file run33.cif (mmCIF, C-alpha atoms)
data_data
loop_
_atom_site.label_atom_id
_atom_site.label_comp_id
_atom_site.auth_asym_id
_atom_site.auth_seq_id
_atom_site.Cartn_x
_atom_site.Cartn_y
_atom_site.Cartn_z
CA MET A 274 0.00 0.00 0.00
CA THR A 275 1.79 3.12 1.14
CA VAL A 276 2.33 5.52 4.00
CA VAL A 277 0.55 8.85 4.51
CA ILE A 278 1.26 10.89 7.63
CA MET A 279 -0.60 13.98 8.87
CA THR A 280 0.28 16.08 11.89
CA LEU A 281 -0.97 19.29 13.50
CA THR A 282 1.20 22.00 14.97
CA THR A 283 -0.22 24.61 17.32
CA ARG A 284 1.36 28.00 17.91
CA VAL A 285 1.12 30.08 21.07
CA SER A 286 -1.36 32.35 19.25
CA GLY A 287 -3.66 29.37 18.67
CA GLU A 288 -3.04 29.28 14.93
CA MET A 289 -2.37 25.86 13.47
CA GLU A 290 -0.51 24.26 10.61
CA LEU A 291 -1.10 20.89 9.01
CA ILE A 292 1.84 18.85 7.73
CA ALA A 293 1.18 15.97 5.33
CA VAL A 294 3.89 13.56 4.16
CA ALA A 295 3.53 10.60 1.80
CA ASP A 296 5.57 8.32 -0.38
CA ARG A 297 4.94 8.20 -4.13
CA LEU A 298 5.09 4.47 -4.84
CA LEU A 299 2.18 2.68 -6.48
CA SER A 300 2.61 -1.09 -6.54
CA GLY A 301 0.44 -4.11 -7.18
CA GLY A 302 -0.21 -6.82 -9.70
CA GLY A 303 3.49 -7.37 -10.26
CA PHE A 304 4.35 -3.79 -11.19
CA SER A 305 5.30 -0.53 -9.51
CA MET A 306 5.61 3.10 -10.53
CA GLN A 307 6.25 6.51 -9.00
CA LEU A 308 3.22 8.79 -8.79
CA GLY A 309 3.22 12.56 -9.02
CA PRO A 310 3.84 14.70 -5.91
CA GLY A 311 0.14 15.45 -5.34
CA SER A 312 -1.28 11.96 -5.90
CA LYS A 313 -1.75 10.52 -2.41
CA VAL A 314 -2.52 13.79 -0.60
CA VAL A 315 -4.65 16.49 -2.21
CA PRO A 316 -6.56 19.62 -1.17
CA LEU A 317 -10.21 18.72 -0.73
CA TYR A 318 -11.33 21.97 -2.37
CA ASN A 319 -9.71 24.31 -4.89
CA PRO A 320 -6.62 25.75 -3.17
CA ASN A 321 -6.59 28.68 -5.62
CA ALA A 322 -10.08 29.84 -4.65
CA LYS A 323 -10.59 32.87 -2.45
CA GLY A 324 -9.52 32.06 1.08
CA GLY A 325 -7.24 29.23 -0.04
CA ALA A 326 -7.35 25.62 1.08
CA ASN A 327 -8.52 24.47 4.48
CA TRP A 328 -8.67 20.66 4.17
CA LEU A 329 -6.17 18.03 3.01
CA LEU A 330 -7.33 14.51 2.12
CA GLY A 331 -5.03 11.49 1.80
CA PHE A 332 -5.56 7.81 1.10
CA ALA A 333 -3.94 4.39 1.23
CA GLY A 334 -5.28 1.70 -1.07
CA ASP A 335 -6.60 1.33 -4.62
CA THR A 336 -6.22 4.64 -6.45
CA SER A 337 -9.44 4.07 -8.43
CA TRP A 338 -11.50 4.23 -5.24
CA PHE A 339 -10.19 7.60 -4.09
CA LEU A 340 -11.69 10.04 -6.61
CA PRO A 341 -15.30 8.79 -6.17
CA ILE A 342 -14.98 9.35 -2.42
CA ARG A 343 -13.52 12.83 -2.84
CA GLU A 344 -16.28 13.76 -5.29
CA ALA A 345 -18.92 12.41 -2.90
CA ILE A 346 -17.56 14.70 -0.17
CA ARG A 347 -17.56 17.68 -2.51
CA ALA A 348 -21.12 16.94 -3.64
CA ILE A 349 -22.62 17.59 -0.21
CA THR A 350 -20.16 20.09 1.32
CA THR A 351 -18.37 23.31 0.42
CA ASP A 352 -15.24 24.97 1.73
CA ASP A 353 -17.57 26.87 4.10
CA SER A 354 -18.85 23.65 5.74
CA SER A 355 -18.12 22.94 9.38
CA GLY A 356 -15.54 20.39 10.42
CA ASP A 357 -18.23 17.97 11.60
CA GLU A 358 -20.03 18.23 8.25
CA VAL A 359 -16.87 17.51 6.27
CA VAL A 360 -15.93 14.53 8.44
CA GLU A 361 -19.45 13.08 8.18
CA ALA A 362 -19.40 13.55 4.40
CA ALA A 363 -16.07 11.70 4.24
CA ARG A 364 -17.46 8.86 6.34
CA ALA A 365 -20.57 8.61 4.16
CA GLY A 366 -18.47 8.65 0.98
CA TYR A 367 -16.25 5.91 2.35
CA VAL A 368 -19.21 3.70 3.31
CA ALA A 369 -20.88 4.23 -0.09
CA GLN A 370 -17.69 3.29 -1.96
CA ARG A 371 -17.20 0.20 0.20
CA ARG A 372 -20.75 -0.86 -0.65
CA ARG A 373 -20.16 -0.31 -4.39
CA VAL A 374 -17.00 -2.41 -4.35
CA PHE A 375 -18.84 -5.19 -2.49
CA GLU A 376 -21.64 -5.07 -5.05
CA GLN A 377 -19.18 -5.30 -7.95
CA THR A 378 -17.09 -8.11 -6.49
CA VAL A 379 -19.76 -10.25 -4.78
CA LEU A 380 -23.26 -9.36 -5.97
CA SER A 381 -22.75 -8.44 -9.65
CA PRO A 382 -23.00 -12.12 -10.84
CA PHE A 383 -26.54 -12.10 -9.46
CA GLY A 384 -27.49 -8.70 -10.87
CA LEU A 385 -28.14 -7.40 -7.36
CA ASP A 386 -27.13 -4.42 -5.27
CA VAL A 387 -27.18 -4.22 -1.47
CA PRO A 388 -30.76 -2.80 -1.16
CA SER A 389 -32.15 -5.53 -3.44
CA LEU A 390 -30.17 -8.18 -1.56
CA LEU A 391 -31.67 -7.08 1.73
CA SER A 392 -35.22 -6.83 0.37
CA LYS A 393 -35.30 -9.88 -1.96
CA GLY A 394 -32.30 -12.00 -1.03
CA ARG A 395 -34.08 -14.34 1.38
CA ALA A 396 -36.72 -15.19 -1.22
CA ILE A 397 -34.14 -15.62 -4.01
CA PHE A 398 -31.47 -17.63 -2.19
CA GLY A 399 -33.14 -19.17 0.82
CA GLU A 400 -32.31 -18.62 4.47
CA ASP A 401 -28.83 -20.16 4.61
CA GLU A 402 -27.39 -18.51 1.49
CA PHE A 403 -29.02 -15.19 2.36
CA ASN A 404 -27.39 -15.29 5.80
CA ARG A 405 -24.03 -16.17 4.22
CA LEU A 406 -24.23 -13.15 1.90
CA CYS A 407 -25.21 -10.87 4.78
CA CYS A 408 -22.20 -12.11 6.75
CA ALA A 409 -20.02 -11.52 3.67
CA LEU A 410 -21.25 -7.91 3.58
CA THR A 411 -20.53 -7.43 7.27
CA ASP A 412 -17.07 -9.02 7.05
CA PHE A 413 -16.06 -7.50 3.69
CA ASP A 414 -12.45 -6.33 3.98
CA PHE A 415 -12.34 -3.00 2.16
CA ARG A 416 -8.60 -2.48 2.16
CA PHE A 417 -8.73 1.27 1.92
CA GLN A 418 -8.04 4.07 4.41
CA LEU A 419 -8.62 7.80 4.41
CA VAL A 420 -6.96 10.54 6.43
CA LEU A 421 -8.51 14.01 6.63
CA GLY A 422 -7.11 17.08 8.31
CA GLY A 423 -7.91 20.78 8.39
CA TRP A 424 -10.31 23.31 9.77
CA SER A 425 -13.54 25.08 8.92
CA LYS A 426 -13.06 28.31 7.01
CA ALA A 427 -14.34 30.16 10.07
CA LYS A 428 -11.51 28.40 11.96
CA GLN A 429 -13.94 27.24 14.62
CA GLN A 430 -13.43 23.49 14.14
CA THR A 431 -10.09 21.79 13.57
CA ARG A 432 -10.20 18.08 12.81
CA LEU A 433 -7.67 15.32 12.22
CA VAL A 434 -9.26 11.92 11.58
CA SER A 435 -8.67 8.62 9.86
CA ILE A 436 -11.45 6.48 8.39
CA GLU A 437 -11.08 2.71 8.19
CA ASN A 438 -13.12 -0.36 7.28
CA PRO A 439 -16.11 -0.61 7.55
CA GLY A 440 -16.48 3.17 7.96
CA VAL A 441 -15.08 3.86 11.42
CA VAL A 442 -13.97 7.44 12.13
CA ILE A 443 -10.98 7.67 14.50
CA ASP A 444 -10.21 11.10 15.95
CA HIS A 445 -6.51 12.01 16.29
CA PHE A 446 -6.83 15.64 17.38
CA ILE A 447 -5.50 15.08 20.90
CA GLU A 448 -2.25 13.38 19.84
CA GLY A 449 -2.01 15.60 16.74
CA ALA A 450 -0.51 12.88 14.57
CA VAL A 451 -1.79 9.99 12.46
CA ALA A 452 -0.39 7.60 9.85
CA ILE A 453 -2.18 5.23 7.47
CA GLY A 454 -1.02 2.54 5.05
CA GLU A 455 1.26 -0.44 5.50
CA GLY A 456 4.05 1.78 6.79
CA ALA A 457 1.80 3.33 9.45
CA ALA A 458 2.93 1.20 12.39
CA LEU A 459 6.57 2.26 12.07
CA ALA A 460 5.75 5.89 11.30
CA ALA A 461 3.18 6.31 14.08
CA GLY A 462 5.33 4.51 16.64
CA HIS A 463 8.17 6.94 15.97
CA LEU A 464 5.90 9.98 16.06
CA TRP A 465 4.30 9.02 19.37
CA ALA A 466 7.78 8.92 20.90
CA THR A 467 9.18 12.11 19.36
CA TYR A 468 6.51 14.45 18.01
CA ASN A 469 5.60 17.63 19.86
CA ARG A 470 2.71 19.49 18.25
CA TYR A 471 3.50 22.61 20.31
CA GLY A 472 7.12 22.86 19.18
CA SER A 473 8.61 24.78 16.28
CA ARG A 474 7.61 24.24 12.67
CA GLU A 475 11.16 23.20 11.74
CA ARG A 476 11.31 20.55 14.47
CA ALA A 477 7.86 19.27 13.50
CA LEU A 478 8.84 18.98 9.83
CA TYR A 479 12.00 17.11 10.75
CA ARG A 480 10.15 14.60 12.94
CA VAL A 481 7.45 13.91 10.33
CA VAL A 482 9.93 13.40 7.48
CA GLU A 483 12.05 11.26 9.81
CA ALA A 484 8.99 9.09 10.53
CA LYS A 485 8.50 8.65 6.79
CA PHE A 486 12.13 7.57 6.35
CA ILE A 487 11.72 5.02 9.15
CA SER A 488 8.51 3.66 7.57
CA GLU A 489 10.52 2.74 4.46
CA ALA A 490 11.57 -0.43 6.30
CA THR A 491 8.13 -1.57 5.11
CA ARG A 492 8.79 -2.89 1.60
CA SER A 493 5.70 -1.32 0.04
CA VAL A 494 6.73 2.23 1.07
CA GLY A 495 8.66 4.02 -1.67
CA PRO A 496 11.79 6.15 -1.20
CA ASP A 497 10.49 9.35 -2.82
CA THR A 498 8.86 11.79 -0.42
CA THR A 499 6.08 14.35 -0.82
CA VAL A 500 5.58 17.02 1.85
CA PHE A 501 2.80 19.61 2.07
CA VAL A 502 2.43 22.29 4.74
CA MET A 503 -0.96 24.02 4.99
CA ASP A 504 -1.07 27.33 6.88
CA PHE A 505 -3.98 28.50 9.00
CA ASP A 506 -4.65 31.23 6.42
CA GLY A 507 -5.10 28.66 3.63
CA GLY A 508 -1.71 28.73 1.96
CA ILE A 509 -0.08 25.46 0.89
CA ARG A 510 3.66 24.96 0.45
CA HIS A 511 5.35 21.96 -1.12
CA VAL A 512 8.73 20.67 0.06
CA LEU A 513 10.59 19.15 -2.89
CA ASN A 514 11.82 15.55 -2.80
CA ASP A 515 15.34 16.86 -3.52
CA ASN A 516 15.30 18.74 -0.21
CA CYS A 517 14.01 15.65 1.58
CA GLU A 518 16.91 13.67 0.13
CA LYS A 519 19.38 16.26 1.42
CA LEU A 520 17.82 15.80 4.84
CA ARG A 521 18.10 12.02 4.44
CA VAL A 522 21.88 12.29 4.02
CA VAL A 523 22.22 14.19 7.31
CA TRP A 524 19.71 11.95 9.06
CA SER A 525 21.37 8.73 7.89
CA ALA A 526 24.81 9.91 9.01
CA ARG A 527 23.43 10.87 12.41
CA ARG A 528 21.80 7.47 12.88
CA LYS A 529 25.00 5.60 12.06
CA ASN A 530 27.14 7.70 14.37
CA VAL A 531 27.18 6.15 17.86
CA PRO A 532 28.50 8.62 20.48
CA LYS A 533 31.76 7.40 22.05
CA ALA A 534 30.37 7.72 25.56
CA HIS A 535 27.46 5.43 24.69
CA ALA A 536 29.73 2.90 23.02
CA ALA A 537 32.04 2.86 26.03
CA LEU A 538 29.12 2.36 28.42
CA LEU A 539 27.81 -0.57 26.39
CA GLU A 540 31.27 -2.11 26.30
CA VAL A 541 31.65 -1.85 30.09
CA GLU A 542 28.25 -3.42 30.69
CA GLU A 543 29.02 -6.21 28.24
CA MET A 544 32.28 -7.04 30.01
CA LYS A 545 30.48 -7.13 33.34
CA TRP A 546 28.05 -9.68 31.94
CA ILE A 547 30.75 -11.83 30.36
CA GLY A 548 32.89 -11.60 33.48
CA HIS A 549 30.24 -13.17 35.73
CA PRO A 550 30.15 -16.97 35.56
CA ALA A 551 26.66 -18.34 35.87
CA GLY A 552 25.89 -18.94 39.49
CA ASP A 553 27.48 -15.84 40.98
CA ASP A 554 24.77 -13.23 40.39
CA ILE A 555 22.80 -14.81 37.56
CA GLU A 556 20.36 -17.63 38.13
CA PRO A 557 20.99 -20.28 35.41
CA LEU A 558 18.14 -21.91 33.55
CA PRO A 559 17.23 -25.44 34.55
CA GLU A 560 19.19 -27.90 32.42
CA GLU A 561 16.09 -29.23 30.68
CA GLN A 562 15.25 -25.66 29.41
CA GLN A 563 18.70 -24.68 28.23
CA HIS A 564 18.39 -26.20 24.74
CA LYS A 565 14.71 -25.57 24.05
CA GLY A 566 13.87 -23.80 20.82
CA GLY A 567 16.49 -25.53 18.66
CA ASP A 568 19.99 -24.45 17.64
#

call {"tool": "encode", "arguments": {"input": "run33.cif", "output": "structure tokens"}}
result
Amino acid sequence: MTVVIMTLTTRVSGEMELIAVADRLLSGGGFSMQLGPGSKVVPLYNPNAKGGANWLLGFAGDTSWFLPIREAIRAITTDDSSGDEVVEAARAGYVAQRRRVFEQTVLSPFGLDVPSLLSKGRAIFGEDEFNRLCCALTDFDFRFQLVLGGWSKAKQQTRLVSIENPGVVIDHFIEGAVAIGEGAALAAGHLWATYNRYGSRERALYRVVEAKFISEATRSVGPDTTVFVMDFDGGIRHVLNDNCEKLRVVWSARRKNVPKAHAALLEVEEMKWIGHPAGDDIEPLPEEQQHKGGD
């Protein structure tokens, strides 16, 4: 899949910024390609309109499912809508797209959609098969995630949410950071340990891009990096991949460099361990457990 990360920063004045970082790799079906910079994270509304952008929308999953969801959100909201209205529209769009994919993959051989299944399915298939299809609908694994961040144009509601199968909205405003996609576990784990939403913009940018670099240990996360920063006044800035790669050089060198004091401490502790024969301070394992687990 991918990784998409969104974080909020909060200034002393109360103004906020939204940082969005994603990779650009599209893979599946035995092929892979690099997408454009604005493919996995996009402004929900026209960023060139009066007042600028106020919502960013990202996804992880099949690219063909994303545009219908974005258009469904746009169909029932505007850039003047409240945060709650935008989030509910995103949830409804997600649920509707999940239902369409289920209909195409499971029900299309029967010429049915979900409403007709629920109203006529028992009569058509009988009790057992009808119950099986209803369970298939409930358990359908829609491998697609959304992440939505921003604020109402009146700046009265700031939201940061992810939406997952089967249409669950998870609020991330308190922690101020969220990641989706197969690289999310590594990225989010790093952010929870290091990210400070009340710190400086530069420190926040560094931590988010660093989390993306770490998520690349997941094989489906690509090396190219897209970064967007959305200001509270609606301006959007793009950090080029070339600049991210310059940061990677510094970051990689810093990771590989172990401070001498730390190395010396580890060496001392290691010698202490080796210097103690079992039985002095260390309780040995019972003999029957010493060789369990194989060589």

call {"tool": "residues_around", "arguments": {"input": "run33.cif", "residues": "Ser355 of chain A", "least_positions_apart": "6", "cutoff": "10 Å", "atoms": "all atoms listed in the file", "output": "PyMOL selection string"}}
result
chain A and resi 424-432

call {"tool": "closest_residue", "arguments": {"input": "run33.cif", "among": "A:Ala458, A:Thr283, A:Gly507, A:Gly334", "to": "Asp352 of chain A", "atoms": "only C-alpha atoms"}}
result
A:Gly507

call {"tool": "atom_distance", "arguments": {"input": "run33.cif", "atom1": "atom CA of Ile487 of chain A", "atom2": "atom CA of Asp504 of chain A"}}
result
25.8 Å

call {"tool": "resolve_selection", "arguments": {"input": "run33.cif", "expression": "the PyMOL selection byres ((chain A and resi 307) around 12)", "output": "number ranges by chain"}}
result
A: 275, 295-300, 304-306, 308-313, 493-499

call {"tool": "resolve_selection", "arguments": {"input": "run33.cif", "expression": "the PyMOL selection byres ((chain A and resi 369) around 12)", "output": "PyMOL selection string"}}
result
chain A and resi 338-339+341-346+362-368+370-376+386-387+415+438-440

call {"tool": "residues_around", "arguments": {"input": "run33.cif", "residues": "segment 468-481 of chain A", "least_positions_apart": "2", "cutoff": "9 Å", "atoms": "all atoms listed in the file", "output": "list in words"}}
result
Ile278, Met279, Thr280, Leu281, Thr282, Thr283, Arg284, Val285, Glu290, Ile292, Ala293, Val294, Glu448, Gly449, Ala450, Ala460, His463, Leu464, Trp465, Ala466, Glu483, Ala484, Lys485, Phe486, Val500, Val502 and Leu520 of chain A

call {"tool": "write_last_selection", "arguments": {"input": "run33.cif", "atoms": "C-alpha atoms", "output": "compact mmCIF listing (two decimals), in the coordinates of the input"}}
result
# COMPACT_ATOMS: atom_id res chain seq x y z
CA ILE A 278 1.26 10.89 7.63
CA MET A 279 -0.60 13.98 8.87
CA THR A 280 0.28 16.08 11.89
CA LEU A 281 -0.97 19.29 13.50
CA THR A 282 1.20 22.00 14.97
CA THR A 283 -0.22 24.61 17.32
CA ARG A 284 1.36 28.00 17.91
CA VAL A 285 1.12 30.08 21.07
CA GLU A 290 -0.51 24.26 10.61
CA ILE A 292 1.84 18.85 7.73
CA ALA A 293 1.18 15.97 5.33
CA VAL A 294 3.89 13.56 4.16
CA GLU A 448 -2.25 13.38 19.84
CA GLY A 449 -2.01 15.60 16.74
CA ALA A 450 -0.51 12.88 14.57
CA ALA A 460 5.75 5.89 11.30
CA HIS A 463 8.17 6.94 15.97
CA LEU A 464 5.90 9.98 16.06
CA TRP A 465 4.30 9.02 19.37
CA ALA A 466 7.78 8.92 20.90
CA GLU A 483 12.05 11.26 9.81
CA ALA A 484 8.99 9.09 10.53
CA LYS A 485 8.50 8.65 6.79
CA PHE A 486 12.13 7.57 6.35
CA VAL A 500 5.58 17.02 1.85
CA VAL A 502 2.43 22.29 4.74
CA LEU A 520 17.82 15.80 4.84

call {"tool": "closest_residue", "arguments": {"input": "run33.cif", "among": "A:Ala348, A:Gly384, A:Asp412, A:Asp353", "to": "Ala326 of chain A", "atoms": "all atoms listed in the file"}}
result
A:Asp353

call {"tool": "residues_around", "arguments": {"input": "run33.cif", "residues": "Gly423 of chain A", "least_positions_apart": "3", "cutoff": "8 Å", "atoms": "only C-alpha atoms", "output": "PyMOL selection string"}}
result
chain A and resi 291+327-329+356+431-433

call {"tool": "resolve_selection", "arguments": {"input": "run33.cif", "expression": "the PyMOL selection byres ((chain A and resi 385) around 12)", "output": "JSON, numbers by chain"}}
result
{"A": [372, 373, 375, 376, 377, 378, 379, 380, 381, 382, 383, 384, 386, 387, 388, 389, 390, 391, 392, 393, 394, 397, 398, 406]}
